[in-house]
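final_5.cif, holding mmCIF, C-alpha atoms:
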```cif
data_data
loop_
_atom_site.label_atom_id
_atom_site.label_comp_id
_atom_site.auth_asym_id
_atom_site.auth_seq_id
_atom_site.Cartn_x
_atom_site.Cartn_y
_atom_site.Cartn_z
CA MET A 28 137.93 3.04 153.80
CA THR A 29 139.41 6.46 154.45
CA ILE A 30 138.67 8.13 157.78
CA ASP A 31 138.10 11.88 157.56
CA PRO A 32 138.59 13.36 161.06
CA ALA A 33 137.93 16.87 159.76
CA GLY A 34 134.60 15.76 158.29
CA ASP A 35 133.60 13.98 161.51
CA LEU A 36 134.55 17.05 163.54
CA ALA A 37 132.59 19.31 161.21
CA ARG A 38 129.49 17.09 161.59
CA LEU A 39 129.88 17.09 165.39
CA ILE A 40 130.22 20.88 165.51
CA ASP A 41 127.22 21.27 163.19
CA GLU A 42 125.14 18.98 165.43
CA VAL A 43 126.10 20.92 168.58
CA ILE A 44 125.29 24.26 166.93
CA ARG A 45 121.91 22.98 165.68
CA LYS A 46 121.06 21.68 169.17
CA ARG A 47 121.93 25.01 170.82
CA LEU A 48 119.95 26.98 168.22
CA ALA A 49 116.95 24.70 168.76
CA GLU A 50 117.10 25.49 172.50
CA ALA A 51 117.06 29.27 171.93
CA CYS A 52 113.65 30.91 172.26
CA VAL A 53 113.14 33.82 169.87
CA ALA A 54 109.47 34.27 168.96
CA PHE A 55 106.42 32.03 168.96
CA PRO A 56 102.61 32.03 169.21
CA CYS A 57 100.93 31.42 172.57
CA LYS A 58 97.43 31.14 174.00
CA VAL A 59 96.58 33.49 176.86
CA LEU A 60 95.69 31.57 180.02
CA THR A 61 95.23 34.53 182.37
CA PHE A 62 95.61 38.31 182.12
CA ASP A 63 96.06 40.80 184.97
CA GLU A 64 94.95 44.10 183.45
CA SER A 65 96.08 46.16 186.48
CA LYS A 66 99.67 44.88 186.13
CA GLY A 67 99.74 44.38 182.34
CA ILE A 68 101.03 40.80 182.64
CA ALA A 69 99.74 37.48 181.36
CA SER A 70 100.30 33.77 181.73
CA VAL A 71 100.57 32.10 178.35
CA GLN A 72 100.80 28.60 176.87
CA PRO A 73 103.27 28.22 173.98
CA LEU A 74 101.58 26.52 171.03
CA PHE A 75 104.59 24.76 169.48
CA GLN A 76 105.24 21.28 170.89
CA LEU A 77 108.79 20.34 169.97
CA ASN A 78 109.10 17.05 171.88
CA GLU A 79 106.91 14.46 173.61
CA GLN A 80 105.81 16.83 176.39
CA ALA A 81 103.52 19.83 175.99
CA PRO A 82 105.45 23.08 176.55
CA SER A 83 105.25 24.56 180.04
CA PRO A 84 103.19 27.73 180.53
CA ILE A 85 105.10 30.99 180.94
CA GLN A 86 104.12 33.18 183.88
CA ASN A 87 104.29 36.98 184.35
CA VAL A 88 104.79 37.92 180.70
CA PRO A 89 104.62 41.71 180.21
CA VAL A 90 102.28 43.00 177.52
CA THR A 91 103.30 45.90 175.31
CA GLY A 92 101.04 48.84 174.57
CA HIS A 93 100.97 52.00 172.45
CA LYS A 94 101.27 55.72 172.95
CA TYR A 95 99.38 58.10 170.68
CA ARG A 96 99.67 61.87 170.34
CA MET A 97 96.22 63.40 170.15
CA ASP A 98 95.32 66.48 168.08
CA ASN A 99 95.44 68.64 171.22
CA GLY A 100 99.02 67.50 171.94
CA GLU A 101 98.11 65.17 174.80
CA ILE A 102 99.55 61.69 174.78
CA GLU A 103 97.17 58.80 175.23
CA LYS A 104 98.62 55.56 176.59
CA VAL A 105 96.81 52.45 175.43
CA PRO A 106 97.78 49.09 176.94
CA HIS A 107 96.87 45.92 175.11
CA ILE A 108 93.89 44.20 176.64
CA LEU A 109 93.86 40.41 176.51
CA GLU A 110 91.32 37.72 177.24
CA PRO A 111 91.89 34.07 178.10
CA GLY A 112 91.99 32.14 174.84
CA ASP A 113 93.49 35.00 172.79
CA ILE A 114 96.35 33.92 170.54
CA VAL A 115 99.31 36.28 170.96
CA PHE A 116 102.80 36.60 169.53
CA VAL A 117 105.59 36.44 172.09
CA VAL A 118 109.17 37.61 171.62
CA CYS A 119 112.07 36.63 173.88
CA ALA A 120 114.68 39.32 174.50
CA ASP A 121 118.31 38.71 173.61
CA ARG A 122 119.29 39.07 177.28
CA GLN A 123 117.65 39.22 180.70
CA ILE A 124 115.35 42.29 180.70
CA ARG A 125 114.22 42.77 184.32
CA ASP A 126 116.91 45.35 185.19
CA THR A 127 116.28 47.41 182.04
CA LEU A 128 112.59 48.05 182.68
CA SER A 129 113.52 51.16 184.70
CA GLY A 130 114.97 52.70 181.52
CA SER A 131 118.55 52.69 182.80
CA ILE A 132 121.51 51.22 180.95
CA THR A 133 122.69 48.21 182.93
CA LYS A 134 124.58 44.97 182.63
CA PRO A 135 122.29 41.94 182.71
CA SER A 136 122.17 40.35 186.16
CA SER A 137 121.80 36.93 184.52
CA GLN A 138 123.69 35.13 181.77
CA ARG A 139 120.57 33.77 180.13
CA ILE A 140 120.13 34.36 176.40
CA HIS A 141 116.82 34.12 174.46
CA ASP A 142 115.07 32.61 177.46
CA LYS A 143 111.31 32.27 177.98
CA ASN A 144 111.76 34.13 181.30
CA ASP A 145 112.46 37.25 179.21
CA ALA A 146 109.35 36.95 177.05
CA VAL A 147 107.19 39.93 176.09
CA ILE A 148 103.80 39.84 174.36
CA VAL A 149 104.04 42.13 171.34
CA GLY A 150 100.60 41.67 169.84
CA VAL A 151 97.41 39.75 169.30
CA MET A 152 97.25 37.47 166.28
CA PRO A 153 94.55 38.14 163.64
CA CYS A 154 92.70 34.92 164.50
CA SER A 155 91.81 36.50 167.87
CA LEU A 156 90.87 39.86 166.37
CA PHE A 157 88.54 38.80 163.59
CA ASP A 158 86.18 36.02 164.62
#
```
Would it be possible to restate this file's structure as structure tokens?
Amino acid sequence: MTIDPAGDLARLIDEVIRKRLAEACVAFPCKVLTFDESKGIASVQPLFQLNEQAPSPIQNVPVTGHKYRMDNGEIEKVPHILEPGDIVFVVCADRQIRDTLSGSITKPSSQRIHDKNDAVIVGVMPCSLFD
């Protein structure tokens, strides 16, 4: 039997990479648990269960909105309105987003990458729009 250290190392590296990628949060559907319309934030429950435990809820998730230019030139700002039970699509930013919400260019104050703490609700899924 021939031992192939390069093959074993390649398998180990592949396993480590797959594990790290599986830990990264990018985008996933969630159910809205609560919504604070005055602050534009929600608490959501991720709907993918990837191990024996149900995923933990995510608190204080900002909700995106839209801006529209009206015929008279005014801009109308329209926040998304959510209700408990709505199914939404959540995206996790590449880096920590808290310091960027002022609109300034800044270095992230955290090293986290694709973390649920940097989640943003980008829309409501069709199943919650068309009953």
Handout entry: Explicit residue set for the PyMOL selection byres ((chain A and resi 135-148) around 12), as a PyMOL selection string
Key = chain A and resi 47-59+62+67-73+82-92+106-109+113-128+131-134+149-152
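Reported to one decimal place, the separation of CA of Ser65 (chain A) from CA of Ser129 (chain A) is 18.2 Å.
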Handout entry: Separation of CA of Leu60 (chain A) from CA of Cys154 (chain A), in Å and rounded to one decimal
Key = 16.2 Å
Completion exercise
CA of Val105 (chain A) sits from CA of Lys66 (chain A) at a separation of 13.4 Å
Calculate, to one decimal in Å, the centre and edge lengths of the box along x, y and z of the file that holds all listed atoms of region 101-105 of chain A with 6 Å of margin on each side, and present them as AutoDock Vina command-line options.
```
--center_x 98.2 --center_y 58.8 --center_z 175.7 --size_x 14.7 --size_y 24.7 --size_z 13.8
```
Problem - From A:His93, A:Pro153, A:Asp63, A:Gln80, residue lying nearest Glu110 (chain A) [all atoms listed in the file] - result: A:Asp63
Shell of 8 Å around Lys94 (chain A), only C-alpha atoms, local chain residues under 5 positions omitted, as a PDB file with C-alpha atoms, keeping the file's coordinate frame:
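Wrote out-v3.pdb, looks like this:
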```
ATOM      1  CA  ILE A 102      99.550  61.690 174.780  1.00  0.00           C
ATOM      2  CA  GLU A 103      97.170  58.800 175.230  1.00  0.00           C
ATOM      3  CA  LYS A 104      98.620  55.560 176.590  1.00  0.00           C
ATOM      4  CA  VAL A 105      96.810  52.450 175.430  1.00  0.00           C
TER       5      VAL A 105
END
```
